[in-house]
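Colleague: Input structure: upload-v9.txt, which contains compact mmCIF, C-alpha atoms and all ligand atoms.
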# COMPACT_ATOMS: atom_id res chain seq x y z
CA MET A 1 76.39 -34.06 71.27
CA ALA A 2 73.49 -35.79 69.60
CA GLN A 3 70.56 -33.54 68.96
CA GLU A 4 67.45 -34.24 70.94
CA MET A 5 64.84 -36.03 68.83
CA ARG A 6 62.05 -33.79 67.65
CA SER A 7 58.77 -35.14 68.90
CA PRO A 8 56.16 -35.80 66.23
CA ILE A 9 53.64 -33.02 65.72
CA GLU A 10 51.00 -35.06 64.03
CA SER A 11 49.74 -37.89 66.17
CA GLY A 12 46.53 -39.17 64.59
CA CYS A 13 43.02 -37.79 64.75
CA PRO A 14 42.46 -34.82 67.04
CA ASP A 15 40.24 -35.38 70.03
CA ALA A 16 36.67 -35.07 68.73
CA PHE A 17 35.20 -33.92 72.03
CA GLN A 18 36.64 -30.43 71.68
CA TYR A 19 34.50 -29.91 68.55
CA MET A 20 31.24 -31.30 69.93
CA HIS A 21 28.25 -29.25 70.87
CA PRO A 22 28.41 -28.80 74.70
CA VAL A 23 25.09 -30.62 75.17
CA MET A 24 26.46 -33.60 73.26
CA ARG A 25 29.66 -33.54 75.23
CA LYS A 26 27.83 -33.39 78.53
CA ASN A 27 25.51 -36.26 77.63
CA TYR A 28 28.00 -38.55 75.94
CA GLY A 29 26.76 -42.11 76.42
CA GLN A 30 23.64 -40.90 78.24
CA TRP A 31 21.09 -40.62 75.44
CA ALA A 32 17.76 -42.23 76.33
CA TYR A 33 16.03 -42.19 72.93
CA HIS A 34 15.68 -40.27 69.70
CA GLU A 35 12.76 -39.15 67.56
CA ASP A 36 12.35 -37.99 63.99
CA PRO A 37 10.22 -34.83 64.10
CA GLN A 38 10.38 -34.30 60.31
CA PRO A 39 12.55 -35.38 57.37
CA GLY A 40 16.11 -34.20 57.87
CA VAL A 41 15.68 -33.50 61.58
CA LEU A 42 16.59 -35.70 64.55
CA LEU A 43 15.78 -35.06 68.19
CA HIS A 44 17.91 -36.78 70.81
CA VAL A 45 16.75 -36.82 74.41
CA SER A 46 19.09 -37.55 77.27
CA ARG A 47 18.31 -39.45 80.46
CA ASN A 48 18.43 -36.16 82.36
CA GLY A 49 15.95 -34.53 79.96
CA ASP A 50 18.47 -32.52 77.88
CA LYS A 51 17.44 -32.28 74.24
CA ILE A 52 19.38 -31.61 71.09
CA TRP A 53 18.08 -31.20 67.55
CA THR A 54 20.13 -32.18 64.51
CA VAL A 55 19.43 -30.76 61.06
CA ARG A 56 20.94 -32.73 58.19
CA ALA A 57 21.67 -31.44 54.70
CA GLY A 58 23.19 -33.28 51.76
CA THR A 59 26.60 -32.08 50.66
CA GLN A 60 29.06 -33.36 48.13
CA ARG A 61 32.02 -35.41 49.33
CA ILE A 62 34.58 -33.04 47.86
CA LEU A 63 33.69 -29.59 49.13
CA ASP A 64 35.19 -26.44 47.72
CA VAL A 65 36.25 -23.87 50.26
CA PHE A 66 33.55 -21.37 49.25
CA THR A 67 30.74 -23.87 49.88
CA LEU A 68 32.35 -24.91 53.13
CA ARG A 69 32.54 -21.28 54.26
CA LYS A 70 28.91 -20.74 53.33
CA LEU A 71 27.88 -23.83 55.31
CA CYS A 72 29.89 -22.66 58.32
CA ASP A 73 28.44 -19.14 58.11
CA ILE A 74 24.94 -20.63 58.18
CA GLY A 75 25.97 -22.66 61.23
CA ASP A 76 27.25 -19.53 62.99
CA GLU A 77 24.25 -17.39 62.14
CA TYR A 78 21.35 -19.82 62.41
CA GLY A 79 22.78 -22.69 64.41
CA GLU A 80 24.95 -22.71 67.49
CA GLY A 81 28.32 -22.91 65.78
CA TYR A 82 28.70 -26.70 65.82
CA VAL A 83 28.62 -29.03 62.84
CA HIS A 84 29.80 -32.46 61.90
CA PHE A 85 29.83 -34.58 58.79
CA THR A 86 28.35 -38.04 58.50
CA ILE A 87 30.14 -40.86 56.71
CA ARG A 88 27.71 -40.36 53.81
CA SER A 89 28.88 -36.77 53.35
CA ASN A 90 25.96 -35.01 54.96
CA ILE A 91 26.57 -31.95 57.07
CA GLU A 92 24.72 -31.92 60.40
CA TYR A 93 24.03 -28.88 62.58
CA GLN A 94 23.24 -29.31 66.27
CA VAL A 95 21.05 -26.88 68.20
CA ALA A 96 19.80 -27.13 71.78
CA ASP A 97 17.00 -24.65 71.12
CA GLU A 98 14.01 -25.94 69.17
CA ALA A 99 13.12 -22.43 67.99
CA LYS A 100 16.27 -22.42 65.84
CA VAL A 101 15.34 -25.51 63.81
CA GLN A 102 12.96 -23.99 61.23
CA PRO A 103 15.00 -20.82 60.57
CA LEU A 104 18.07 -23.04 60.10
CA ILE A 105 16.24 -25.25 57.60
CA LYS A 106 15.01 -22.17 55.73
CA ALA A 107 18.50 -20.66 55.61
CA LEU A 108 19.92 -23.92 54.22
CA GLU A 109 17.19 -24.26 51.61
CA ASP A 110 17.45 -20.61 50.60
CA ALA A 111 21.16 -21.18 50.02
CA GLY A 112 20.36 -24.13 47.74
CA PHE A 113 21.10 -27.03 50.10
CA VAL A 114 18.69 -29.93 50.49
CA VAL A 115 17.58 -30.98 53.96
CA GLY A 116 16.70 -34.66 54.40
CA GLY A 117 18.39 -38.04 54.35
CA THR A 118 17.08 -39.35 57.66
CA ARG A 119 14.98 -42.40 58.58
CA ASN A 120 13.36 -44.25 55.64
CA SER A 121 14.69 -42.00 52.91
CA VAL A 122 17.34 -42.55 50.28
CA ALA A 123 20.42 -41.27 52.08
CA MET A 124 23.12 -39.32 50.30
CA LEU A 125 24.97 -41.56 47.88
CA SER A 126 28.47 -42.08 49.16
CA HIS A 127 31.56 -42.26 47.06
CA THR A 128 35.28 -42.22 47.35
CA GLN A 129 37.63 -39.41 46.45
CA GLY A 130 39.58 -41.39 43.88
CA TRP A 131 38.85 -38.89 41.18
CA LEU A 132 41.20 -36.55 42.99
CA HIS A 133 43.93 -38.56 44.65
CA CYS A 134 43.68 -42.33 44.27
CA ASP A 135 45.76 -44.21 41.72
CA ILE A 136 43.18 -46.60 40.24
CA PRO A 137 40.07 -44.68 39.14
CA GLY A 138 38.21 -45.87 36.10
CA THR A 139 35.53 -43.23 36.32
CA ASP A 140 34.44 -40.02 37.99
CA ALA A 141 32.44 -41.34 40.95
CA SER A 142 31.48 -37.81 42.03
CA GLY A 143 29.75 -37.23 38.70
CA VAL A 144 27.68 -40.41 39.07
CA VAL A 145 26.67 -39.32 42.58
CA LYS A 146 25.63 -35.85 41.45
CA SER A 147 23.62 -37.14 38.47
CA MET A 148 21.81 -39.78 40.50
CA MET A 149 21.05 -37.57 43.48
CA ASP A 150 19.61 -34.93 41.15
CA GLU A 151 17.10 -37.56 40.04
CA LEU A 152 16.47 -38.89 43.55
CA ILE A 153 16.17 -35.59 45.37
CA GLY A 154 12.53 -36.26 46.24
CA GLU A 155 13.47 -39.56 47.87
CA PHE A 156 16.16 -37.79 49.92
CA LYS A 157 13.71 -35.17 51.19
CA GLU A 158 10.83 -37.54 52.01
CA TRP A 159 10.21 -40.71 53.97
CA ASN A 160 8.82 -42.80 51.14
CA MET A 161 10.95 -45.93 51.30
CA PRO A 162 10.17 -49.04 53.36
CA ASN A 163 13.45 -48.48 55.23
CA ARG A 164 16.69 -46.60 54.78
CA VAL A 165 18.45 -46.98 51.46
CA HIS A 166 22.21 -46.55 51.36
CA MET A 167 23.83 -46.34 47.97
CA THR A 168 27.49 -46.24 47.09
CA THR A 169 29.59 -45.70 44.03
CA SER A 170 33.18 -46.57 43.36
CA CYS A 171 35.68 -45.27 40.89
CA CYS A 172 37.47 -48.61 40.48
CA GLN A 173 36.40 -52.21 40.48
CA ILE A 174 38.32 -53.59 43.40
CA ASN A 175 38.32 -51.46 46.53
CA CYS A 176 35.83 -49.00 47.98
CA GLY A 177 32.19 -48.82 47.09
CA GLY A 178 30.40 -51.86 48.51
CA GLN A 179 29.01 -50.33 51.70
CA GLY A 180 25.44 -49.96 50.61
CA ASP A 181 22.10 -51.57 49.78
CA ILE A 182 22.82 -50.67 46.16
CA ALA A 183 26.35 -50.28 44.79
CA ILE A 184 27.23 -48.76 41.44
CA ASN A 185 30.72 -49.99 40.59
CA VAL A 186 33.05 -49.80 37.64
CA GLN A 187 33.31 -52.98 35.59
CA HIS A 188 36.25 -53.44 33.27
CA THR A 189 35.47 -55.93 30.53
CA LYS A 190 38.78 -56.27 28.68
CA PRO A 191 42.28 -57.16 29.94
CA PRO A 192 44.81 -54.33 30.20
CA LYS A 193 46.69 -53.12 27.13
CA ILE A 194 50.40 -52.98 27.85
CA ASN A 195 52.60 -50.15 26.64
CA HIS A 196 55.82 -52.17 26.48
CA ASP A 197 58.01 -49.13 25.82
CA LEU A 198 57.16 -47.70 29.21
CA VAL A 199 57.03 -50.77 31.46
CA SER A 200 60.77 -51.06 32.06
CA ASN A 201 61.05 -47.35 32.90
CA VAL A 202 58.00 -47.04 35.11
CA CYS A 203 57.08 -50.33 36.74
CA GLU A 204 58.63 -52.52 39.32
CA ARG A 205 57.79 -55.78 37.64
CA PRO A 206 57.83 -58.16 40.64
CA SER A 207 55.34 -56.01 42.50
CA VAL A 208 53.04 -55.96 39.47
CA VAL A 209 53.26 -59.74 39.10
CA ALA A 210 52.50 -60.14 42.83
CA ARG A 211 49.54 -57.81 42.57
CA CYS A 212 47.49 -59.99 40.23
CA PRO A 213 44.95 -62.03 42.21
CA VAL A 214 44.83 -64.81 39.61
CA ALA A 215 48.50 -65.03 38.69
CA ALA A 216 47.83 -63.92 35.12
CA ILE A 217 50.89 -61.68 34.78
CA ARG A 218 54.34 -62.96 33.85
CA PRO A 219 57.62 -61.15 33.23
CA ALA A 220 58.51 -61.15 29.53
CA LEU A 221 61.13 -59.72 27.18
CA VAL A 222 59.50 -57.66 24.45
CA ASN A 223 61.67 -56.15 21.68
CA GLY A 224 64.69 -56.86 23.86
CA LYS A 225 63.33 -54.86 26.77
CA PRO A 226 62.06 -56.25 30.08
CA SER A 227 58.30 -56.06 30.12
CA LEU A 228 55.24 -58.06 31.18
CA GLU A 229 52.64 -60.24 29.54
CA VAL A 230 49.11 -61.11 30.55
CA ASP A 231 47.49 -64.51 30.17
CA GLU A 232 44.17 -63.19 28.92
CA LYS A 233 42.40 -66.50 29.57
CA LYS A 234 43.08 -66.11 33.27
CA CYS A 235 42.67 -62.33 33.57
CA ILE A 236 39.49 -61.31 35.37
CA CYS A 237 39.83 -57.66 34.28
CA CYS A 238 39.99 -56.43 37.84
CA GLY A 239 42.35 -53.52 37.24
CA ALA A 240 44.63 -54.29 40.19
CA CYS A 241 47.75 -54.18 38.01
CA PHE A 242 47.08 -50.64 36.83
CA PRO A 243 48.06 -48.78 40.04
CA PRO A 244 51.59 -50.21 40.37
CA CYS A 245 52.04 -50.12 36.61
CA PRO A 246 50.14 -47.35 34.76
CA PRO A 247 51.43 -48.61 31.36
CA MET A 248 49.02 -51.55 31.90
CA GLN A 249 46.14 -49.36 30.86
CA ILE A 250 42.74 -50.92 31.56
CA ASN A 251 40.47 -47.88 31.52
CA ASP A 252 38.69 -47.69 28.24
CA ALA A 253 35.95 -45.38 27.04
CA GLU A 254 34.01 -48.23 25.47
CA HIS A 255 34.90 -51.32 27.48
CA SER A 256 34.94 -49.90 31.02
CA LYS A 257 31.32 -50.16 32.07
CA LEU A 258 29.26 -49.81 35.20
CA ALA A 259 27.70 -52.69 37.10
CA ILE A 260 25.03 -52.55 39.78
CA TRP A 261 25.09 -54.80 42.81
CA VAL A 262 22.44 -55.09 45.52
CA GLY A 263 21.71 -56.86 48.76
CA GLY A 264 24.94 -56.33 50.65
CA ASN A 265 24.80 -56.01 54.40
CA HIS A 266 27.70 -55.42 56.75
CA SER A 267 25.71 -55.63 59.93
CA ASN A 268 24.72 -58.84 61.68
CA ALA A 269 22.08 -57.18 63.87
CA ARG A 270 19.07 -59.08 62.47
CA GLY A 271 20.62 -61.55 60.09
CA LYS A 272 23.99 -62.64 58.86
CA PRO A 273 26.16 -60.21 56.90
CA THR A 274 25.65 -60.72 53.17
CA PHE A 275 27.64 -60.12 50.01
CA GLN A 276 26.37 -57.88 47.25
CA LYS A 277 25.04 -59.68 44.18
CA LEU A 278 25.36 -58.49 40.61
CA VAL A 279 21.99 -57.49 39.13
CA ALA A 280 22.93 -55.37 36.12
CA SER A 281 26.17 -55.45 34.16
CA GLY A 282 27.66 -53.83 31.11
CA ILE A 283 25.86 -50.53 31.73
CA PRO A 284 27.45 -47.75 29.65
CA ASN A 285 29.76 -45.52 31.68
CA ASN A 286 28.16 -42.53 30.12
CA PRO A 287 29.13 -39.08 31.43
CA PRO A 288 28.09 -36.40 32.11
CA ARG A 289 24.69 -37.65 33.37
CA TRP A 290 24.89 -41.49 33.34
CA PRO A 291 21.21 -41.88 32.34
CA GLU A 292 21.37 -45.67 31.83
CA ALA A 293 22.77 -46.38 35.32
CA THR A 294 20.28 -44.00 36.92
CA ALA A 295 17.40 -45.71 35.12
CA VAL A 296 18.42 -49.11 36.56
CA VAL A 297 18.72 -47.70 40.09
CA LYS A 298 15.30 -46.07 39.79
CA LYS A 299 13.78 -49.37 38.64
CA ILE A 300 15.19 -51.15 41.69
CA LEU A 301 14.01 -48.41 44.06
CA LYS A 302 10.54 -48.37 42.54
CA ALA A 303 10.15 -52.14 42.91
CA TYR A 304 11.48 -52.00 46.48
CA LYS A 305 9.15 -49.14 47.39
CA GLU A 306 6.10 -50.87 45.96
CA ASN A 307 6.78 -54.40 47.13
CA ALA A 308 8.74 -54.46 50.36
CA LYS A 309 7.08 -54.53 53.75
CA ASP A 310 7.58 -51.69 56.19
CA TRP A 311 11.09 -51.69 57.68
CA GLU A 312 12.49 -54.35 55.36
CA ARG A 313 15.89 -53.33 54.03
CA ILE A 314 16.59 -54.20 50.40
CA ASN A 315 18.48 -57.38 51.30
CA ASP A 316 15.69 -58.52 53.69
CA TRP A 317 13.12 -57.94 50.98
CA ILE A 318 15.05 -59.93 48.37
CA GLU A 319 15.72 -62.67 50.89
CA ARG A 320 11.96 -62.97 51.48
CA ILE A 321 10.79 -62.90 47.85
CA GLY A 322 13.81 -64.72 46.34
CA TRP A 323 16.14 -63.65 43.54
CA PRO A 324 14.00 -64.95 40.62
CA ARG A 325 11.12 -62.80 41.84
CA PHE A 326 13.47 -59.81 42.26
CA PHE A 327 14.32 -59.96 38.57
CA GLU A 328 10.62 -60.27 37.71
CA VAL A 329 9.46 -57.28 39.74
CA THR A 330 12.33 -55.02 38.70
CA GLY A 331 12.10 -56.07 35.03
CA LEU A 332 15.90 -56.40 34.89
CA PRO A 333 17.08 -59.10 32.47
CA PHE A 334 18.79 -62.13 33.98
CA THR A 335 21.72 -62.99 31.74
CA LYS A 336 24.64 -65.42 31.66
CA TYR A 337 26.76 -62.71 33.30
CA HIS A 338 24.82 -63.14 36.52
CA ILE A 339 25.98 -66.72 36.97
CA ASP A 340 29.12 -66.95 39.03
CA ASN A 341 30.77 -69.95 37.46
CA TRP A 342 34.34 -68.79 37.90
CA ARG A 343 36.40 -71.45 39.63
CA GLY A 344 39.87 -69.93 39.28
CA ALA A 345 39.84 -68.74 42.86
CA ARG A 346 40.20 -72.28 44.15
CA ALA A 347 43.62 -72.65 42.62
CA SER A 348 45.02 -69.19 42.27
CA LEU A 349 43.24 -66.54 44.34
CA ASN A 350 45.55 -64.75 46.67
CA ALA A 351 43.67 -65.59 49.85
CA SER A 352 46.40 -65.22 52.42
CA THR A 353 46.60 -62.32 54.83
CA HIS A 354 50.24 -61.64 53.96
CA ILE A 355 51.07 -58.39 52.32
CA ARG A 356 53.64 -58.70 49.56
CA PHE A 357 55.40 -55.85 47.90
S1 LIG B 401 37.03 -46.79 44.58
FE1 LIG B 401 39.06 -47.44 43.86
S2 LIG B 401 39.82 -45.69 42.69
FE2 LIG B 401 38.15 -44.94 43.98
S3 LIG B 401 39.15 -44.22 45.85
FE3 LIG B 401 38.52 -46.36 46.21
S4 LIG B 401 40.34 -47.56 45.69
FE4 LIG B 401 40.61 -45.51 44.77
S1 LIG B 402 43.45 -56.87 35.34
FE1 LIG B 402 43.55 -58.01 37.29
S2 LIG B 402 43.42 -60.16 36.67
FE2 LIG B 402 43.95 -58.99 34.83
S3 LIG B 402 46.16 -59.03 34.73
FE3 LIG B 402 45.62 -57.15 35.84
S4 LIG B 402 45.66 -57.74 38.00
FE4 LIG B 402 45.61 -59.65 36.82
Write the structure described by the file as structure tokens, please.
Ligand code: SF4
Ligand code: SF4
Modeller:
Amino acid sequence: MAQEMRSPIESGCPDAFQYMHPVMRKNYGQWAYHEDPQPGVLLHVSRNGDKIWTVRAGTQRILDVFTLRKLCDIGDEYGEGYVHFTIRSNIEYQVADEAKVQPLIKALEDAGFVVGGTRNSVAMLSHTQGWLHCDIPGTDASGVVKSMMDELIGEFKEWNMPNRVHMTTSCCQINCGGQGDIAINVQHTKPPKINHDLVSNVCERPSVVARCPVAAIRPALVNGKPSLEVDEKKCICCGACFPPCPPMQINDAEHSKLAIWVGGNHSNARGKPTFQKLVASGIPNNPPRWPEATAVVKKILKAYKENAKDWERINDWIERIGWPRFFEVTGLPFTKYHIDNWRGARASLNASTHIRF
């Protein structure tokens, strides 16, 4: 007799309601308004008068278990045992008793955590976990985040900016990392170097050929072995061939750089969504502190802080003053690399929605 099928144990995300603070659960969808009593603290008031305070602290994206335990212990002792994490890697504690807010902040600060990141501050830089598990990283995004936030800690703790500033980093050039007012992304500047001895053992050549967005890769026989070749005139150094074929090494200590993009906007609440635009390229990818990239970000933030009107986001501000003026006030050089004169996409960009393997 055929065995009965085992039902799957894992079936997606667990129900979030079971982990919510009871006041949040009770008032789901019933919040009347919120206030910002001080940096790092939110107060939400329900239509029935229930109140809940949220205390936000910056945490790194990849938490070690000791830090996580410490954060949870603080939540048990000074909060009410409920936490959640924001998409920008901040931990948030919810308390229904106002008297618990200041002791909770003190406990967090005494333990070395930084409370802030709300309203018109520079929120925690977000990054992806590629350094640990993804197959394309060209840099250690976590290191860039740590170095930059160390320099911007005052902007995280205070409300000094015209509006919120979201920053993102990425560890490769093609996927995550564009969800911010300022994005710090890897920029490869040379085509991949192919290790022909390994290609035939490691790579499935058709899938590598299909992966290239500009059709720059062709199958080739090298020294009698099946391999690949790259038309370097077409290659846009995107790095997309590296994940399916690690012998197409594109990461390079000297030629993999960082680039900074600004003005992206996903939302269409006040204006149309906008693409990021390149404002600084060829910045050295310089661990362990990335001083050159941080200096550019600080220049942009300083100009934004001094010149934007209250509540203008970075993209609104640039839209109002215009890009030429943006380069003037930030002092960033405008170079030939800022001009998008690439026309290859018209003929060769893979613009269909079909997934090919
Ligand atoms: S940025 Fe690139 S390398 Fe990093 S996690 Fe995303 S896809 Fe992977
Ligand atoms: S780096 Fe990008 S453009 Fe260049 S060969 Fe690889 S996939 Fe194609």
Colleague: Using only C-alpha atoms and all ligand atoms, find each residue with an atom at most 10 Å away from ligand LIG 402 (chain B) and format the answer as a short mmCIF file (atom, residue, chain, number, x, y, z; two decimals) with C-alpha atoms, in the coordinates of the input.
Modeller:
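Resulting contents of part_1.cif:
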data_model
loop_
_atom_site.label_atom_id
_atom_site.label_comp_id
_atom_site.auth_asym_id
_atom_site.auth_seq_id
_atom_site.Cartn_x
_atom_site.Cartn_y
_atom_site.Cartn_z
CA GLN A 173 36.40 -52.21 40.48
CA ILE A 174 38.32 -53.59 43.40
CA HIS A 188 36.25 -53.44 33.27
CA THR A 189 35.47 -55.93 30.53
CA LYS A 190 38.78 -56.27 28.68
CA PRO A 191 42.28 -57.16 29.94
CA PRO A 192 44.81 -54.33 30.20
CA LYS A 193 46.69 -53.12 27.13
CA VAL A 208 53.04 -55.96 39.47
CA VAL A 209 53.26 -59.74 39.10
CA ALA A 210 52.50 -60.14 42.83
CA ARG A 211 49.54 -57.81 42.57
CA CYS A 212 47.49 -59.99 40.23
CA PRO A 213 44.95 -62.03 42.21
CA VAL A 214 44.83 -64.81 39.61
CA ALA A 215 48.50 -65.03 38.69
CA ALA A 216 47.83 -63.92 35.12
CA ILE A 217 50.89 -61.68 34.78
CA ARG A 218 54.34 -62.96 33.85
CA LEU A 228 55.24 -58.06 31.18
CA GLU A 229 52.64 -60.24 29.54
CA VAL A 230 49.11 -61.11 30.55
CA ASP A 231 47.49 -64.51 30.17
CA GLU A 232 44.17 -63.19 28.92
CA LYS A 233 42.40 -66.50 29.57
CA LYS A 234 43.08 -66.11 33.27
CA CYS A 235 42.67 -62.33 33.57
CA ILE A 236 39.49 -61.31 35.37
CA CYS A 237 39.83 -57.66 34.28
CA CYS A 238 39.99 -56.43 37.84
CA GLY A 239 42.35 -53.52 37.24
CA ALA A 240 44.63 -54.29 40.19
CA CYS A 241 47.75 -54.18 38.01
CA PHE A 242 47.08 -50.64 36.83
CA PRO A 243 48.06 -48.78 40.04
CA PRO A 244 51.59 -50.21 40.37
CA CYS A 245 52.04 -50.12 36.61
CA MET A 248 49.02 -51.55 31.90
CA GLN A 249 46.14 -49.36 30.86
CA ILE A 250 42.74 -50.92 31.56
CA LEU A 349 43.24 -66.54 44.34
#
Colleague: What is the atom S1 of ligand LIG 401 (chain B)-CA of Cys203 in chain A distance in Å, reported with one decimal?
Modeller: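 For atom S1 of ligand LIG 401 (chain B) relative to CA of Cys203 in chain A, the distance reads 21.8 Å.
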Colleague: Which one is closest to ligand LIG 401 (chain B): A:Lys336, A:His44, A:His127, A:Arg325? Count all atoms listed in the file.
Modeller: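 Answer, going by the shortest atom-to-atom distance: A:His127.
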Colleague: Please report as a tab-separated table every residue of chain A lying within 10 Å of ligand LIG 401 (chain B), along with the nearest atom pair and their distance in Å (one decimal), using only C-alpha atoms and all ligand atoms.
Modeller:
residue	atom	partner	partner_atom	distance
A:His127	CA	B:LIG401	S1	7.5
A:Thr128	CA	B:LIG401	S3	4.6
A:Gln129	CA	B:LIG401	S3	5.1
A:Gly130	CA	B:LIG401	S3	3.5
A:Trp131	CA	B:LIG401	FE2	6.7
A:Leu132	CA	B:LIG401	S3	8.4
A:His133	CA	B:LIG401	S3	7.5
A:Cys134	CA	B:LIG401	FE4	4.4
A:Asp135	CA	B:LIG401	FE4	6.1
A:Ile136	CA	B:LIG401	S2	4.3
A:Pro137	CA	B:LIG401	S2	3.7
A:Gly138	CA	B:LIG401	S2	6.8
A:Thr139	CA	B:LIG401	S2	8.1
A:Asp140	CA	B:LIG401	FE2	8.6
A:Ala141	CA	B:LIG401	FE2	7.4
A:Ser142	CA	B:LIG401	FE2	10.0
A:Thr168	CA	B:LIG401	S1	9.9
A:Thr169	CA	B:LIG401	S1	7.5
A:Ser170	CA	B:LIG401	S1	4.0
A:Cys171	CA	B:LIG401	FE2	4.0
A:Cys172	CA	B:LIG401	FE1	3.9
A:Gln173	CA	B:LIG401	FE1	6.4
A:Ile174	CA	B:LIG401	FE1	6.2
A:Asn175	CA	B:LIG401	S4	4.5
A:Cys176	CA	B:LIG401	FE3	4.2
A:Gly177	CA	B:LIG401	S1	5.8
A:Gly178	CA	B:LIG401	S1	9.2
A:Asn185	CA	B:LIG401	S1	8.1
A:Val186	CA	B:LIG401	S1	8.5
A:Gly239	CA	B:LIG401	FE1	9.6
A:Ala240	CA	B:LIG401	FE1	9.6
A:Pro243	CA	B:LIG401	S2	9.2
Colleague: Which residue out of A:Arg313, A:Lys26, A:His338, A:Arg61 has the minimum interatomic distance to Asn265 in chain A when all atoms listed in the file are used?
Modeller: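 The closest residue to Asn265 in chain A is A:Arg313.
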Colleague: Can you pull out the residues contacting Glu151 in chain A? Cut-off 10 Å, using only C-alpha atoms, and skip same-chain residues under 3 positions away; I want them as a ChimeraX atom specification.
Modeller: /A:146-148,154-156,291,294-295,298
